[in-house]
>>> print(open('data_29.txt').read())   # compact mmCIF, C-alpha atoms
# COMPACT_ATOMS: atom_id res chain seq x y z
CA GLY A 1 -21.62 -0.43 3.09
CA GLN A 2 -21.76 -2.05 6.47
CA ASN A 3 -22.99 -0.65 9.76
CA ILE A 4 -22.31 -2.71 12.87
CA ASP A 5 -23.47 -1.57 16.28
CA GLN A 6 -22.78 -3.01 19.71
CA PRO A 7 -22.73 -1.53 23.22
CA THR A 8 -19.49 0.06 24.31
CA GLU A 9 -19.34 -1.34 27.83
CA MET A 10 -21.04 -3.90 30.04
CA THR A 11 -20.44 -5.11 33.57
CA ALA A 12 -21.50 -8.28 35.34
CA THR A 13 -20.62 -10.32 38.39
CA GLU A 14 -18.87 -13.63 38.57
CA GLY A 15 -21.21 -16.59 38.03
CA ALA A 16 -23.84 -14.48 36.28
CA ILE A 17 -25.08 -14.57 32.68
CA VAL A 18 -24.52 -11.70 30.26
CA GLN A 19 -25.86 -11.08 26.77
CA ILE A 20 -23.95 -8.87 24.35
CA ASN A 21 -26.03 -7.63 21.43
CA CYS A 22 -24.94 -6.76 17.92
CA THR A 23 -27.02 -5.24 15.14
CA TYR A 24 -25.83 -4.93 11.60
CA GLN A 25 -26.77 -3.62 8.19
CA THR A 26 -25.09 -5.12 5.19
CA SER A 27 -25.74 -5.32 1.48
CA GLY A 28 -25.06 -9.05 1.32
CA PHE A 29 -24.83 -11.00 4.55
CA ASN A 30 -22.51 -14.00 4.50
CA GLY A 31 -21.91 -14.84 8.13
CA LEU A 32 -21.33 -13.24 11.52
CA PHE A 33 -18.37 -13.81 13.80
CA TRP A 34 -17.67 -13.13 17.43
CA TYR A 35 -14.11 -12.62 18.61
CA GLN A 36 -12.72 -12.18 22.11
CA GLN A 37 -9.88 -9.78 22.71
CA HIS A 38 -8.08 -9.47 26.04
CA ALA A 39 -6.32 -6.20 26.75
CA GLY A 40 -3.06 -5.97 24.84
CA GLU A 41 -3.65 -9.20 22.96
CA ALA A 42 -4.85 -10.33 19.56
CA PRO A 43 -8.50 -11.18 18.84
CA THR A 44 -9.31 -14.86 19.07
CA PHE A 45 -12.21 -16.60 17.36
CA LEU A 46 -15.25 -17.51 19.49
CA SER A 47 -18.13 -18.37 17.19
CA TYR A 48 -19.63 -18.18 13.73
CA ASN A 49 -23.28 -18.00 12.63
CA VAL A 50 -24.57 -18.05 9.08
CA LEU A 51 -28.05 -19.55 9.60
CA ASP A 52 -30.73 -18.36 12.00
CA GLY A 53 -30.68 -19.86 15.44
CA LEU A 54 -28.46 -20.61 18.37
CA GLU A 55 -24.98 -22.07 18.27
CA GLU A 56 -23.76 -23.38 21.61
CA LYS A 57 -20.16 -23.94 22.53
CA GLY A 58 -19.59 -24.65 26.19
CA ARG A 59 -20.29 -21.56 28.30
CA PHE A 60 -20.64 -19.41 25.20
CA SER A 61 -23.58 -19.33 22.80
CA SER A 62 -24.28 -17.12 19.82
CA PHE A 63 -27.62 -16.37 18.23
CA LEU A 64 -28.47 -14.97 14.82
CA SER A 65 -31.61 -13.53 13.24
CA ARG A 66 -30.89 -12.59 9.65
CA SER A 67 -34.30 -10.99 9.08
CA LYS A 68 -33.70 -8.63 12.00
CA GLY A 69 -30.02 -8.04 11.35
CA TYR A 70 -29.36 -9.07 14.94
CA SER A 71 -27.03 -11.31 16.86
CA TYR A 72 -26.12 -11.83 20.48
CA LEU A 73 -23.35 -13.54 22.36
CA LEU A 74 -24.42 -15.20 25.59
CA LEU A 75 -21.85 -15.89 28.26
CA LYS A 76 -22.88 -18.15 31.15
CA GLU A 77 -21.25 -18.83 34.50
CA LEU A 78 -19.07 -15.79 34.12
CA GLN A 79 -15.48 -15.99 35.28
CA MET A 80 -12.99 -13.24 35.97
CA LYS A 81 -11.01 -14.31 32.91
CA ASP A 82 -14.03 -13.42 30.72
CA SER A 83 -13.22 -9.74 31.25
CA ALA A 84 -12.31 -8.71 27.72
CA SER A 85 -13.55 -6.89 24.65
CA TYR A 86 -16.00 -8.82 22.46
CA LEU A 87 -15.96 -7.97 18.78
CA CYS A 88 -18.84 -8.59 16.41
CA ALA A 89 -17.80 -8.93 12.75
CA VAL A 90 -19.82 -9.46 9.61
CA SER A 91 -18.75 -11.14 6.39
CA ASP A 92 -20.16 -9.57 3.26
CA ARG A 93 -21.30 -11.75 0.34
CA GLY A 94 -20.11 -9.05 -1.99
CA SER A 95 -16.57 -9.75 -0.91
CA THR A 96 -15.13 -12.93 -2.32
CA LEU A 97 -12.02 -12.35 -0.30
CA GLY A 98 -13.32 -13.21 3.15
CA ARG A 99 -13.34 -9.62 4.21
CA LEU A 100 -14.73 -8.91 7.67
CA TYR A 101 -16.28 -5.70 8.94
CA PHE A 102 -15.85 -5.21 12.67
CA GLY A 103 -17.90 -3.38 15.24
CA ARG A 104 -16.16 -1.24 17.84
CA GLY A 105 -16.28 -3.99 20.43
CA THR A 106 -18.02 -4.34 23.80
CA GLN A 107 -15.75 -4.07 26.84
CA LEU A 108 -17.01 -6.55 29.43
CA THR A 109 -15.87 -6.24 33.02
CA VAL A 110 -16.58 -9.13 35.38
CA TRP A 111 -16.57 -8.26 39.08
CA PRO A 112 -15.99 -10.75 41.89
CA ASN W 1 3.11 -24.30 14.06
CA ALA W 2 3.91 -20.76 15.16
CA GLY W 3 0.73 -19.45 13.53
CA VAL W 4 0.86 -15.75 12.64
CA THR W 5 3.92 -13.90 13.86
CA GLN W 6 4.61 -10.16 13.83
CA THR W 7 7.70 -8.10 14.47
CA PRO W 8 8.44 -5.79 16.13
CA LYS W 9 6.10 -5.86 19.13
CA PHE W 10 6.64 -2.19 19.92
CA ARG W 11 8.13 0.73 18.00
CA ILE W 12 8.43 4.46 18.40
CA LEU W 13 8.96 6.49 15.24
CA LYS W 14 9.62 10.13 14.60
CA ILE W 15 7.44 12.02 12.14
CA GLY W 16 8.66 11.43 8.61
CA GLN W 17 10.55 8.23 9.35
CA SER W 18 9.76 5.02 7.54
CA MET W 19 9.55 1.43 8.70
CA THR W 20 8.32 -2.01 7.74
CA LEU W 21 6.07 -4.11 9.94
CA GLN W 22 6.74 -7.77 9.37
CA CYS W 23 4.11 -10.49 9.26
CA ALA W 24 4.57 -14.18 8.57
CA GLN W 25 2.36 -17.24 8.79
CA ASP W 26 3.30 -20.92 8.57
CA MET W 27 -0.19 -22.34 8.01
CA ASN W 28 -0.05 -22.13 4.19
CA HIS W 29 -2.93 -19.66 4.21
CA ASN W 30 -3.77 -17.95 0.95
CA TYR W 31 -5.41 -14.86 2.36
CA MET W 32 -3.65 -12.32 4.52
CA TYR W 33 -4.82 -9.03 5.98
CA TRP W 34 -3.50 -5.95 7.73
CA TYR W 35 -5.70 -4.12 10.24
CA ARG W 36 -5.22 -1.18 12.51
CA GLN W 37 -7.01 -0.76 15.79
CA ASP W 38 -7.33 2.62 17.48
CA PRO W 39 -8.53 2.93 21.10
CA GLY W 40 -12.27 2.36 21.38
CA MET W 41 -12.56 1.59 17.71
CA GLY W 42 -13.04 -1.57 15.74
CA LEU W 43 -10.48 -3.11 13.46
CA LYS W 44 -10.07 -1.24 10.18
CA LEU W 45 -8.75 -3.06 7.13
CA ILE W 46 -5.67 -1.46 5.56
CA TYR W 47 -4.64 -3.92 2.84
CA TYR W 48 -5.25 -7.53 2.00
CA SER W 49 -3.85 -10.22 -0.26
CA VAL W 50 -5.33 -13.35 -1.81
CA GLY W 51 -2.01 -14.89 -2.69
CA ALA W 52 1.56 -14.21 -3.69
CA GLY W 53 1.77 -11.28 -6.08
CA ILE W 54 -1.81 -10.10 -5.48
CA THR W 55 -2.71 -7.28 -3.11
CA ASP W 56 -5.53 -4.77 -2.83
CA LYS W 57 -6.61 -1.80 -0.75
CA GLY W 58 -8.94 -1.98 2.22
CA GLU W 59 -10.81 0.80 3.98
CA VAL W 60 -7.82 2.91 5.16
CA PRO W 61 -4.84 2.36 2.81
CA ASN W 62 -3.47 5.92 2.66
CA GLY W 63 0.07 6.19 3.96
CA TYR W 64 0.77 2.47 3.68
CA ASN W 65 2.07 0.01 1.12
CA VAL W 66 2.28 -3.77 1.01
CA SER W 67 3.88 -6.53 -1.00
CA ARG W 68 3.35 -10.28 -1.12
CA SER W 69 6.27 -12.04 -2.76
CA THR W 70 5.69 -15.34 -0.95
CA THR W 71 2.72 -17.16 0.55
CA GLU W 72 4.23 -16.85 4.02
CA ASP W 73 5.12 -13.15 4.26
CA PHE W 74 3.05 -10.00 4.04
CA PRO W 75 5.02 -6.90 5.16
CA LEU W 76 3.38 -3.51 5.68
CA ARG W 77 5.41 -0.42 4.81
CA LEU W 78 4.99 3.06 6.28
CA GLU W 79 6.88 5.55 4.12
CA LEU W 80 6.43 8.88 5.91
CA ALA W 81 5.18 8.26 9.42
CA ALA W 82 2.56 10.66 10.78
CA PRO W 83 1.03 10.95 14.27
CA SER W 84 -2.29 9.72 12.82
CA GLN W 85 -0.60 6.37 12.23
CA THR W 86 -0.15 5.79 15.95
CA SER W 87 -2.12 2.60 16.45
CA VAL W 88 -1.96 -1.11 17.07
CA TYR W 89 -1.44 -3.09 13.88
CA PHE W 90 -2.68 -6.64 13.50
CA CYS W 91 -1.87 -9.05 10.74
CA ALA W 92 -4.29 -11.91 10.08
CA SER W 93 -4.57 -14.86 7.75
CA ARG W 94 -7.09 -17.45 6.70
CA ILE W 95 -7.28 -20.51 4.55
CA ARG W 96 -9.18 -20.50 1.29
CA GLY W 97 -12.10 -22.43 2.72
CA LEU W 98 -15.86 -22.81 2.39
CA ALA W 99 -17.67 -19.77 1.05
CA GLY W 100 -18.61 -17.54 3.96
CA TYR W 101 -16.78 -19.48 6.63
CA ASN W 102 -13.57 -17.59 6.96
CA GLU W 103 -12.15 -17.63 10.46
CA GLN W 104 -9.19 -15.32 10.54
CA PHE W 105 -6.18 -16.02 12.72
CA PHE W 106 -4.51 -12.96 14.18
CA GLY W 107 -0.93 -12.20 15.05
CA PRO W 108 0.02 -10.65 18.43
CA GLY W 109 0.12 -7.10 17.07
CA THR W 110 2.62 -4.29 16.71
CA ARG W 111 2.15 -1.22 18.88
CA LEU W 112 3.37 1.81 16.95
CA THR W 113 3.75 5.34 18.29
CA VAL W 114 4.64 8.24 16.02
CA LEU W 115 5.94 11.34 17.78
>>> encode(input="data_29.txt", output="structure tokens")
Amino acid sequence: GQNIDQPTEMTATEGAIVQINCTYQTSGFNGLFWYQQHAGEAPTFLSYNVLDGLEEKGRFSSFLSRSKGYSYLLLKELQMKDSASYLCAVSDRGSTLGRLYFGRGTQLTVWP
Amino acid sequence: NAGVTQTPKFRILKIGQSMTLQCAQDMNHNYMYWYRQDPGMGLKLIYYSVGAGITDKGEVPNGYNVSRSTTEDFPLRLELAAPSQTSVYFCASRIRGLAGYNEQFFGPGTRLTVL
């Protein structure tokens, strides 16, 4: 099966940098996704990692270490609108159907 | 494109009632999924489909049924609503793309309360 763990809550101030960690255990890793979900809305795709290393996309970056079963999402120059839940999801190689397994999400609150 | 659409947005059901949650996508995606999200919990997969006429169970299928008669539509049926089915339901879809890369697009959700 899959076991995905991420912190429940984090807080930060506007303009700061925050790192949201995600650890996972899976029988056949085939990629890791980060989604952003604002309260009352649908999740929206942020990033995807399948190889080790850092993927940068504007203010957001995502890092993966497959040997450690570890990823993080780095948010720079935080803005109030970044207050949301951040979901880590793992794709399993054993699933040919693109099935994702989601963590519980990390609720980020950005203070002025 | 409208993307993934879901109706209704909100619904209150009495115990034992039945209803169908509608989901449609206009992106010609092969794969479609139904998730439920309970407060403080991650998304749990209920059912999924790889194409018209093909469906299969996810992690939490009990109390639900699905059908996929067309590529565009993937309705979720609750036959005998129970309070444990109070949740937010998301439909998602993705294209049959590169192995492993499978960004899913989500609909806006249906908030269901069973009293």
>>> residues_near_point(input="data_29.txt", point="(-14.5, -17.6, 14.4)", cutoff="10 Å", atoms="all atoms listed in the file", output="count of residues only")
18
>>> atom_distance(input="data_29.txt", atom1="CA of Thr55 in chain W", atom2="CA of Arg77 in chain W")
13.3 Å
>>> closest_atom_pairs(input="data_29.txt", of="chain A", to="chain W", cutoff="12 Å", atoms="all atoms listed in the file", output="tab-separated table")
residue	atom	partner	partner_atom	distance
A:Gly1	CA	W:Glu59	CA	10.9
A:Gln2	CA	W:Glu59	CA	11.6
A:Asn3	CA	W:Gly42	CA	11.6
A:Ile4	CA	W:Gly42	CA	9.8
A:Asp5	CA	W:Gly42	CA	10.4
A:Gln6	CA	W:Gly42	CA	10.6
A:Pro7	CA	W:Gly40	CA	11.3
A:Thr8	CA	W:Gly40	CA	8.1
A:Glu9	CA	W:Gly40	CA	10.3
A:Gly28	CA	W:Gly100	CA	11.0
A:Phe29	CA	W:Gly100	CA	9.0
A:Asn30	CA	W:Gly100	CA	5.3
A:Gly31	CA	W:Gly100	CA	6.0
A:Leu32	CA	W:Gly100	CA	9.1
A:Phe33	CA	W:Glu103	CA	8.0
A:Trp34	CA	W:Glu103	CA	10.0
A:Tyr35	CA	W:Glu103	CA	9.8
A:Gln36	CA	W:Phe106	CA	11.4
A:Gln37	CA	W:Phe106	CA	10.6
A:His38	CA	W:Pro108	CA	11.2
A:Ala39	CA	W:Pro39	CA	11.0
A:Gly40	CA	W:Gly109	CA	8.5
A:Glu41	CA	W:Pro108	CA	6.0
A:Ala42	CA	W:Pro108	CA	5.0
A:Pro43	CA	W:Phe106	CA	6.4
A:Thr44	CA	W:Phe106	CA	7.1
A:Phe45	CA	W:Glu103	CA	7.0
A:Leu46	CA	W:Glu103	CA	9.5
A:Ser47	CA	W:Glu103	CA	9.0
A:Tyr48	CA	W:Tyr101	CA	7.8
A:Asn49	CA	W:Tyr101	CA	9.0
A:Val50	CA	W:Gly100	CA	7.9
A:Leu51	CA	W:Gly100	CA	11.2
A:Ser85	CA	W:Gly40	CA	9.9
A:Tyr86	CA	W:Gly42	CA	10.3
A:Leu87	CA	W:Gly42	CA	7.7
A:Cys88	CA	W:Gly42	CA	9.1
A:Ala89	CA	W:Gly42	CA	9.3
A:Val90	CA	W:Gly100	CA	9.9
A:Ser91	CA	W:Gly100	CA	6.8
A:Asp92	CA	W:Gly100	CA	8.1
A:Arg93	CA	W:Gly100	CA	7.3
A:Gly94	CA	W:Gly100	CA	10.5
A:Ser95	CA	W:Gly100	CA	9.4
A:Thr96	CA	W:Ala99	CA	8.0
A:Leu97	CA	W:Val50	CA	6.9
A:Gly98	CA	W:Asn102	CA	5.8
A:Arg99	CA	W:Asn102	CA	8.4
A:Leu100	CA	W:Leu45	CA	8.4
A:Tyr101	CA	W:Lys44	CA	7.7
A:Phe102	CA	W:Gly42	CA	5.5
A:Gly103	CA	W:Gly42	CA	5.2
A:Arg104	CA	W:Gly42	CA	3.8
A:Gly105	CA	W:Gly42	CA	6.2
A:Thr106	CA	W:Gly40	CA	9.2
A:Gln107	CA	W:Gly40	CA	9.1
>>> closest_residue(input="data_29.txt", among="W:His29, W:Arg36, W:Ala24, W:Ser18", to="Thr110 in chain W", atoms="all atoms listed in the file")
W:Arg36
>>> residues_around(input="data_29.txt", residues="range 62-75 of chain A", least_positions_apart="5", cutoff="6 Å", atoms="all atoms listed in the file", output="ChimeraX atom specification")
/A:17-24,52-55
>>> closest_residue(input="data_29.txt", among="W:Trp34, W:Asn28, W:Phe10, W:Lys57", to="Thr113 in chain W", atoms="only C-alpha atoms")
W:Phe10
>>> residues_around(input="data_29.txt", residues="Val110 in chain A", least_positions_apart="5", cutoff="6 Å", atoms="only C-alpha atoms", output="PyMOL selection string")
chain A and resi 11-14+80+83
>>> closest_residue(input="data_29.txt", among="A:Met10, A:Pro112, A:Gln25, A:Glu56", to="Gln79 in chain A", atoms="all atoms listed in the file")
A:Pro112
>>> closest_residue(input="data_29.txt", among="W:Val66, W:Ile12, W:Cys23, W:Leu115", to="Glu79 in chain W", atoms="all atoms listed in the file")
W:Val66
>>> closest_residue(input="data_29.txt", among="W:Leu78, W:Val114, W:Val60, W:Thr5", to="Ser93 in chain W", atoms="all atoms listed in the file")
W:Thr5
>>> residues_near_point(input="data_29.txt", point="(5.9, -15.1, -5.4)", cutoff="8 Å", atoms="only C-alpha atoms", output="ChimeraX atom specification")
/W:52-53,68-71
>>> atom_distance(input="data_29.txt", atom1="CA of Ala2 in chain W", atom2="CA of Ile46 in chain W")
23.6 Å
>>> atom_distance(input="data_29.txt", atom1="CA of Gly16 in chain W", atom2="CA of Ser84 in chain W")
11.9 Å
